[in-house]
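Colleague: Right, I'll just put the structure down here and ask away after.
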Amino acid sequence: MRISSFSIHPVAVADPPLRSSYGRHAPYALRTIIILTTTDGITGVSEAHGGDGSQAALEAIKPMVVGMDPFQLHALWMNWGRPDATGDRSQTWLVPGENPRDARTRAYAAVEAACLDIIGKATGRPVCDLLGGRARDAAPFSAYLFYKHGGGGGLEADTREDEWGECLTPETMVGQCQRMVREYGFREIKLKGGVLEPELEIETIRQLRAAFGPAYPLRIDPNCAWSVETSVHVGVSLKEELSEGGYLEDPTASMEGMAEVRRRLLELGIDTPMASNVATTGFDDISPAWRTGAVQVVLSDPHYWGGIRNVQRLSALCGQLGMGVSMHSNNHLGVSMMIMAHACCVSPEMEFACDTHYPWQTEQDEVLAGGRVKFVDGAVVIGDKPGLGIELDMDQVARLEERYHKLPFRKRDDAEEMRKHVDPAWQRILPRW
Ligand code: GKR
Ligand code: MG
């Protein structure tokens with residue numbers, strides 16, 4: 001069996017104006033759907049980050065993939081997937097999916113997921129059964145809360161209803177979380193911070209704790225918006241709230257900054273774990289993160305960490321080193337949802353609920369035949385269907401692709417959205433507080 005065709009479908013997905021320290025989400029998130037077909041007529045699907053950069057890397061890997069045996073993934077990895085050894089890979093300044101240093105790794109990851117889908121369909125087994133079997137039957141996700149402006153995303157005739165409403169206060173954030181927990185059954189909570197004054201974000205976490213109690217672990221992630229001083233202040237203020245399954249994620253920039261926050265908190269007797277998807281974005285970050293104590297929980301990602309099997313390797317490595325492991329997300333569709341769910345279920349050490357932006361997208365934009373992936377008690381159940389367990393709705397893919405081609409932008413630029421809608425002089429300043 002050989003791969004006979006490789007098609008790349010850039011798509012645009014309506015997205016509400018969510019906020020983070022990077023700025024404000026654009027009315028559409030960009031993704032790419034990948035379809036591989038084999039000489040036996042089997043189809044493998046995948047999903048990757050979107051925009052020109054992502055598309056260029058996929059076009060570049062294509063000649064190596066067409067004609068290859070989908071079972072021979074190591075050869076592709078050795079010839080292509082290894083990350084570039086030079087250059088700044090840090091996500092301090094670049095949003096995930098826009099970092100040239102992991103462009104090749106991301107393209108490899110997209111192909112790997114589609115090949116595993118093919119192998120699963122060829123053997124009649126779900127992807128997780130190809131990788132050692134499931135460590136759990138369902139992948140737990142957390143309620144991923146965002147401060148947001150009013151608006152539901154989309155543009156012009158495609159403008160979407162604002163289902164969630166403006167959310168720029170602790171009180172409205174509690175309402176957002178109540179709804180998310182009610183609708184999806186999430187049992188763990190992550191707040192995207194770095195948007196309001198730190199005291200207001202501290203207050204938001206306190207109100208979430210008051211509303212949900214200690215049974216719901218809490219996390220806060222300001223994407224490096226704080227100085228070491230402010231990070232320590234937040235760590236001290238939220239000592240109770242972030243304990244017991246919680247963590248403080250990327251409070252400040254750089255491995256050194258993270259290590260300093262950790263050291264100062266430990267000196268104060270506070271053992272809140274520090275998590276990261278900014279200081280640690282590839283395997284060569286693990287050693288310094290572990291040695292310096294900068295990171296106790298690594299956020300994996302089956303896209304930019306180089307595929308489901310690399311997440312599995314990372315999970316095992318973290319387990320060996322006594323580090324925790326969880327999973328990062330960006331806006332995504334149902335294909336990535338299943339890639340993430342399988343990655344979680346083949347990673348026994350992944351004991352924190354993973355991130356997902358899925359609640360921020362709607363049925364109207366789903367590319368899966370049969371509609372959106374369902375959650376049961378906050379988790380995505382891995383069934384017995386072969387491969388990733390999904391099929392594409394090609395009419396939907398075509399609609400989203402047509403929309404993509406009409407858009408005036410080809411990359412995520414949250415800072416530009418801030419200047420357009422919030423403050424014409426807005427710049428991303430780190431640390432802001
Ligand atoms: O969607 O705005 C966002 C997030 O800030 C995302 O870009 C981050 O990569 O969710 C991510 C994170 O945990 O840092
Ligand atoms: Mg993060």
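In the structure tokens, chains take the letters A, B, ... in the order shown, each chain's residues start at 1, and ligands count up from 1 in the order shown.
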Around ligand 2, which protein and nucleic acid residues have at least one atom no more than 7 Å from it, if we count only C-alpha atoms and all ligand atoms? List them as a list of chain:residue names.
Modeller: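 Within the 7 Å cut-off, the matching residues are A:Asp221, A:Asn223, A:Glu249, A:Asp250, A:Ser276, A:Asn277, A:Val278, A:His328.
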Colleague: Just N, CA and C atoms for this one: save the residues we selected as an mmCIF file, in the first residue's frame.
Modeller:
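The result, stored in out22.cif:
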```cif
data_model
loop_
_atom_site.group_PDB
_atom_site.id
_atom_site.type_symbol
_atom_site.label_atom_id
_atom_site.label_comp_id
_atom_site.auth_asym_id
_atom_site.auth_seq_id
_atom_site.Cartn_x
_atom_site.Cartn_y
_atom_site.Cartn_z
ATOM 1 N N ASP A 221 -3.340 30.857 33.341
ATOM 2 C CA ASP A 221 -2.272 30.929 32.330
ATOM 3 C C ASP A 221 -2.254 32.314 31.675
ATOM 4 N N ASN A 223 0.146 33.581 29.867
ATOM 5 C CA ASN A 223 1.074 33.624 28.727
ATOM 6 C C ASN A 223 2.154 34.705 28.904
ATOM 7 N N GLU A 249 0.481 28.456 35.151
ATOM 8 C CA GLU A 249 1.035 28.161 33.820
ATOM 9 C C GLU A 249 1.678 29.403 33.213
ATOM 10 N N ASP A 250 2.927 29.279 32.808
ATOM 11 C CA ASP A 250 3.655 30.346 32.120
ATOM 12 C C ASP A 250 3.341 31.739 32.671
ATOM 13 N N SER A 276 3.926 24.661 31.667
ATOM 14 C CA SER A 276 4.354 25.484 30.524
ATOM 15 C C SER A 276 4.082 24.867 29.155
ATOM 16 N N ASN A 277 3.619 25.729 28.259
ATOM 17 C CA ASN A 277 3.689 25.422 26.827
ATOM 18 C C ASN A 277 4.422 26.544 26.102
ATOM 19 N N VAL A 278 5.083 27.411 26.863
ATOM 20 C CA VAL A 278 5.839 28.512 26.265
ATOM 21 C C VAL A 278 7.340 28.296 26.467
ATOM 22 N N HIS A 328 -1.778 21.075 25.597
ATOM 23 C CA HIS A 328 -2.105 22.430 25.162
ATOM 24 C C HIS A 328 -3.076 22.381 23.987
#
```
Colleague: Check every protein, DNA and RNA residue against ligand 1, keep those with an atom at most 10 Å away (counting only C-alpha atoms and all ligand atoms), and present them as a PyMOL selection string.
Modeller: chain A and resi 15+17-25+29+91-92+94-97+144+146-147+190-194+220-224+249-250+275-278+299+327-332+355-357+360+412+414
Colleague: Write out as a list in words which residues come within 7 Å of range 396-402 of chain A when counting only C-alpha atoms, dropping same-chain ones fewer than 4 positions away.
Modeller: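 Near neighbours after the sequence-gap exclusion: His9, Pro10, Val11, Ala12, Val13, Val367 and Lys406 of chain A.
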Colleague: For the residues selected in the previous step, produce a file with N, CA and C atoms as a CSV table (one decimal), in the first residue's frame.
Modeller:
```
chain,number,residue,atom,x,y,z
A,9,HIS,N,-6.4,21.4,2.5
A,9,HIS,CA,-7.6,22.3,2.5
A,9,HIS,C,-7.5,23.3,3.6
A,10,PRO,N,-7.0,24.5,3.2
A,10,PRO,CA,-7.0,25.6,4.3
A,10,PRO,C,-8.5,26.0,4.6
A,11,VAL,N,-8.8,26.1,5.9
A,11,VAL,CA,-10.2,26.5,6.2
A,11,VAL,C,-10.2,27.6,7.2
A,12,ALA,N,-11.4,28.3,7.2
A,12,ALA,CA,-11.6,29.4,8.2
A,12,ALA,C,-12.8,29.0,9.1
A,13,VAL,N,-12.6,29.2,10.4
A,13,VAL,CA,-13.6,28.8,11.4
A,13,VAL,C,-14.0,30.0,12.2
A,367,VAL,N,-16.4,20.1,10.5
A,367,VAL,CA,-16.1,19.4,9.2
A,367,VAL,C,-16.4,17.9,9.3
A,406,LYS,N,-11.7,33.9,0.8
A,406,LYS,CA,-12.2,35.2,0.8
A,406,LYS,C,-11.6,36.1,1.9
```
Colleague: Would you pick out the contacts of Glu188 in chain A at 9 Å or less, using only C-alpha atoms, so that residues sharing its chain but fewer than 5 positions from it are not included, and give the list as a ChimeraX atom specification?
Modeller: /A:140-144,181,215-219,245-246,352-353,378
Colleague: Calculated over only C-alpha atoms, which of the candidates A:Gly41, A:Gly334, A:Gly307, A:Gly322 has the smallest distance to Ala109 in chain A?
Modeller: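 With only C-alpha atoms as the atom set, the closest residue is A:Gly307.
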Colleague: Give me, please, the distance in Å between CA of Ser243 in chain A and CA of Arg432 in chain A, quoted to one decimal.
Modeller: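 We find that CA of Ser243 in chain A and CA of Arg432 in chain A lie 25.3 Å from each other.
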